[in-house]
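Text of input.cif, listed as mmCIF, C-alpha atoms:
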```
data_upload
#
loop_
_atom_site.label_atom_id
_atom_site.label_comp_id
_atom_site.auth_asym_id
_atom_site.auth_seq_id
_atom_site.Cartn_x
_atom_site.Cartn_y
_atom_site.Cartn_z
CA MET Z 628 10.05 -23.12 7.24
CA THR Z 629 6.99 -24.71 5.71
CA ASN Z 630 6.47 -25.73 2.10
CA ASN Z 631 4.03 -22.84 1.72
CA ASP Z 632 6.70 -20.36 2.82
CA ILE Z 633 9.18 -21.79 0.32
CA PHE Z 634 6.58 -21.70 -2.45
CA LYS Z 635 5.68 -18.07 -1.64
CA LYS Z 636 9.32 -16.96 -1.58
CA LEU Z 637 10.03 -18.63 -4.92
CA ARG Z 638 6.97 -17.01 -6.47
CA VAL Z 639 8.00 -13.54 -5.28
CA ALA Z 640 11.69 -13.98 -6.12
CA LEU Z 641 10.96 -15.14 -9.66
CA MET Z 642 8.09 -12.66 -10.12
CA LEU Z 643 5.68 -15.36 -11.30
CA ARG Z 644 1.95 -15.00 -11.77
CA ASP Z 645 -0.47 -17.85 -11.09
CA ASP Z 646 -0.95 -18.68 -14.77
CA GLN Z 647 2.83 -18.85 -15.26
CA ILE Z 648 3.18 -21.26 -12.33
CA ILE Z 649 0.47 -23.48 -13.84
CA GLU Z 650 2.33 -23.51 -17.18
CA ILE Z 651 5.61 -24.36 -15.41
CA LEU Z 652 3.97 -27.26 -13.54
CA GLU Z 653 2.61 -28.61 -16.83
CA LEU Z 654 6.24 -29.07 -18.01
CA VAL Z 655 6.41 -32.10 -15.70
CA ASP Z 656 2.83 -33.19 -16.45
CA PHE Z 657 1.52 -31.97 -13.09
CA ARG Z 658 -1.86 -30.29 -13.41
CA ILE Z 659 -3.28 -27.96 -10.82
CA THR Z 660 -6.12 -25.47 -10.99
CA LYS Z 661 -5.78 -21.77 -10.34
CA SER Z 662 -8.02 -21.98 -7.27
CA GLU Z 663 -5.96 -24.82 -5.77
CA LEU Z 664 -2.83 -22.79 -6.36
CA GLY Z 665 -4.41 -19.71 -4.77
CA ALA Z 666 -5.21 -21.74 -1.66
CA PHE Z 667 -1.46 -22.18 -1.01
CA PHE Z 668 -0.92 -18.41 -0.93
CA ARG Z 669 -3.79 -17.57 1.43
CA ASP Z 670 -3.44 -16.64 5.09
CA GLU Z 671 -3.27 -19.63 7.45
CA LYS Z 672 -6.40 -18.41 9.24
CA HIS Z 673 -8.46 -18.28 6.03
CA GLU Z 674 -11.08 -21.01 5.65
CA ASN Z 675 -9.86 -21.97 2.14
CA TYR Z 676 -6.17 -22.17 3.13
CA MET Z 677 -4.46 -25.39 2.08
CA GLU Z 678 -1.05 -26.68 3.06
CA CYS Z 679 1.32 -27.15 0.12
CA GLY Z 680 2.31 -30.80 0.06
CA ASP Z 681 5.75 -32.23 -0.62
CA GLN Z 682 4.60 -33.59 -3.99
CA VAL Z 683 3.46 -30.16 -5.22
CA LEU Z 684 6.68 -28.45 -4.13
CA ARG Z 685 8.88 -31.24 -5.55
CA ASN Z 686 7.10 -31.09 -8.92
CA PHE Z 687 7.30 -27.29 -8.96
CA LEU Z 688 11.04 -27.31 -8.28
CA ASN Z 689 11.67 -29.94 -10.98
CA ALA Z 690 9.53 -28.01 -13.46
CA LEU Z 691 11.28 -24.76 -12.52
CA VAL Z 692 14.65 -26.30 -13.37
CA ILE Z 693 13.33 -27.29 -16.80
CA HIS Z 694 11.72 -23.88 -17.26
CA LEU Z 695 14.88 -21.94 -16.42
CA ARG Z 696 17.64 -24.22 -17.78
CA GLY Z 697 15.75 -26.04 -20.50
CA THR Z 698 16.37 -29.64 -21.45
CA LYS Z 699 19.59 -31.31 -22.63
CA GLU Z 700 18.34 -31.14 -26.21
CA ASN Z 701 17.19 -27.51 -25.93
CA PRO Z 702 19.21 -25.64 -23.25
CA LYS Z 703 18.23 -22.10 -22.15
CA ASN Z 704 20.01 -19.26 -20.42
CA PRO Z 705 18.28 -18.69 -17.02
CA ASN Z 706 19.06 -14.96 -17.10
CA ASP Z 707 17.20 -14.59 -20.40
CA VAL Z 708 14.17 -16.38 -18.96
CA LEU Z 709 14.16 -14.15 -15.86
CA ALA Z 710 14.52 -11.02 -18.00
CA LYS Z 711 11.52 -12.18 -20.02
CA HIS Z 712 9.51 -12.50 -16.79
CA LYS Z 713 10.48 -8.97 -15.77
CA ALA Z 714 9.41 -7.63 -19.16
CA GLN Z 715 5.96 -9.21 -18.79
CA ILE Z 716 5.25 -7.40 -15.53
CA PRO Z 717 3.26 -4.21 -16.21
CA ALA Z 718 5.07 -1.04 -15.18
CA LYS Z 719 3.52 1.02 -12.42
CA SER Z 720 2.65 4.60 -13.20
CA THR Z 721 5.28 7.00 -11.94
CA SER Z 722 4.59 9.90 -9.66
CA LYS Z 723 5.48 12.36 -12.47
CA GLU Z 724 2.39 11.33 -14.41
CA ARG Z 725 0.07 11.90 -11.47
CA VAL Z 726 -1.46 15.30 -10.94
CA GLU Z 727 -0.81 16.79 -7.53
CA PHE Z 728 -3.54 18.82 -5.93
CA LYS Z 729 -2.46 21.51 -3.50
CA ALA Z 730 -4.67 23.84 -1.54
CA LYS Z 731 -4.26 27.49 -2.41
CA PRO Z 732 -3.32 29.78 0.45
CA ARG Z 733 -6.13 32.00 1.75
CA ASP Z 734 -4.11 35.14 1.20
CA GLU Z 735 -2.21 35.41 -2.06
CA GLU Z 736 0.48 37.34 -0.22
CA GLN Z 737 0.97 34.41 2.12
CA SER Z 738 3.99 32.38 1.15
CA ARG Z 739 5.08 28.83 1.80
CA ALA Z 740 6.70 28.01 5.12
CA ASP Z 741 10.07 27.31 3.53
CA GLU Z 742 10.17 30.68 1.75
CA ALA Z 743 10.70 34.09 3.29
CA PRO Z 744 7.45 36.04 3.74
CA SER Z 745 6.92 39.11 1.62
CA LYS Z 746 7.32 42.56 3.20
CA THR Z 747 3.68 43.54 2.75
CA SER Z 748 2.25 40.58 4.63
CA ALA Z 749 4.80 40.94 7.44
CA ALA Z 750 3.86 44.60 7.92
CA LYS Z 751 0.18 43.80 8.41
CA LYS Z 752 -1.08 43.47 11.96
CA PRO Z 753 -4.00 41.28 12.89
CA PHE Z 754 -7.33 43.08 12.77
CA LYS Z 755 -8.79 43.78 16.20
CA LYS Z 756 -12.44 44.71 16.43
CA GLN Z 757 -12.85 48.09 18.09
CA PHE Z 758 -15.91 49.11 20.11
CA PRO Z 759 -16.85 52.66 21.06
CA LYS Z 760 -15.75 53.92 24.51
CA GLY Z 761 -19.23 53.52 25.93
CA ASN Z 762 -18.93 49.77 25.35
CA ASN Z 763 -22.19 49.39 23.45
CA LYS Z 764 -21.45 45.72 23.02
CA THR Z 765 -24.52 43.63 23.74
CA GLN Z 766 -24.06 40.89 26.29
CA VAL Z 767 -25.17 37.53 25.06
CA VAL Z 768 -24.78 35.76 28.40
CA GLU Z 769 -25.52 37.49 31.69
CA LYS Z 770 -23.09 37.29 34.54
CA VAL Z 771 -23.82 34.08 36.40
CA LYS Z 772 -22.21 32.86 39.60
CA PHE Z 773 -21.48 29.14 39.55
CA ASN Z 774 -21.45 27.21 42.84
CA PHE Z 775 -20.20 23.97 41.25
CA GLY Z 776 -22.73 21.91 43.24
CA LYS Z 777 -21.86 23.38 46.64
CA ASN Z 778 -24.67 24.73 48.81
CA LYS Z 779 -23.38 27.68 50.87
CA LYS Z 780 -26.54 28.22 52.95
CA GLY Z 781 -25.48 26.47 56.06
#
```

Could you quickly redo this structure as structure tokens?
Amino acid sequence: MTNNDIFKKLRVALMLRDDQIIEILELVDFRITKSELGAFFRDEKHENYMECGDQVLRNFLNALVIHLRGTKENPKNPNDVLAKHKAQIPAKSTSKERVEFKAKPRDEEQSRADEAPSKTSAAKKPFKKQFPKGNNKTQVVEKVKFNFGKNKKG
């Protein structure tokens, strides 16, 4: 497992944003820019990807200990710090707040598939177009015999 993988897992597990990581690193007087930090979290194939060095990871872990536990003079409860991080994360909108759009059935008598159909729609038969007995239907295409490329002359 690479340093980048460890750094990514810590970031996700602690639910830290980039600006929070920068503040944590400043606890041990280690300064890093947001763009340098973003380079650690990029895909390995990306042109701006940068490998996280041992020094960066070591300083982050030392600063994380101070951030979560505090110092000897000013100790903290790690659970309180983690709860504070959770509270800072914006809540996602729930599905109840979203409006659902559903297509209306073509026939108002038509019911949903999981409900029993009404008696009136079940009694209806599909409409079949009737022509008079003389078959006055106009032919759009004349009768054509297809040979499918075969020449039957010889």

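For the set Z:Ile651, Z:Leu695, Z:Met677, Z:Leu684, the residue with the smallest atom-to-atom gap to Lys711 of chain Z is Z:Leu695, counting all atoms listed in the file.
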
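Counting only C-alpha atoms, the residue from Z:Val683, Z:Val639, Z:Ile693, Z:Ala666 that sits nearest to Pro705 of chain Z is Z:Ile693.
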
Met642 of chain Z: which residues within 12 Å, counting only C-alpha atoms, same-chain residues fewer than 5 positions away excluded, as an MDAnalysis selection string?
chainID Z and resid 634:637 647:648 708:717

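Taking atom CA of Asp645 of chain Z and atom CA of Thr660 of chain Z as endpoints, the distance between them is 9.5 Å.
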
Can you tell me how far atom CA of Leu691 of chain Z sits from atom CA of Leu654 of chain Z, in Å to one decimal?
8.6 Å

For the file shown, report as a ChimeraX atom specification the outcome of the PyMOL selection byres ((chain Z and resi 679) around 10) at residue level.
/Z:629-634,663-664,666-668,676-678,680-684

d(atom CA of Lys699 of chain Z, atom CA of Ile649 of chain Z) in Å:
22.5 Å
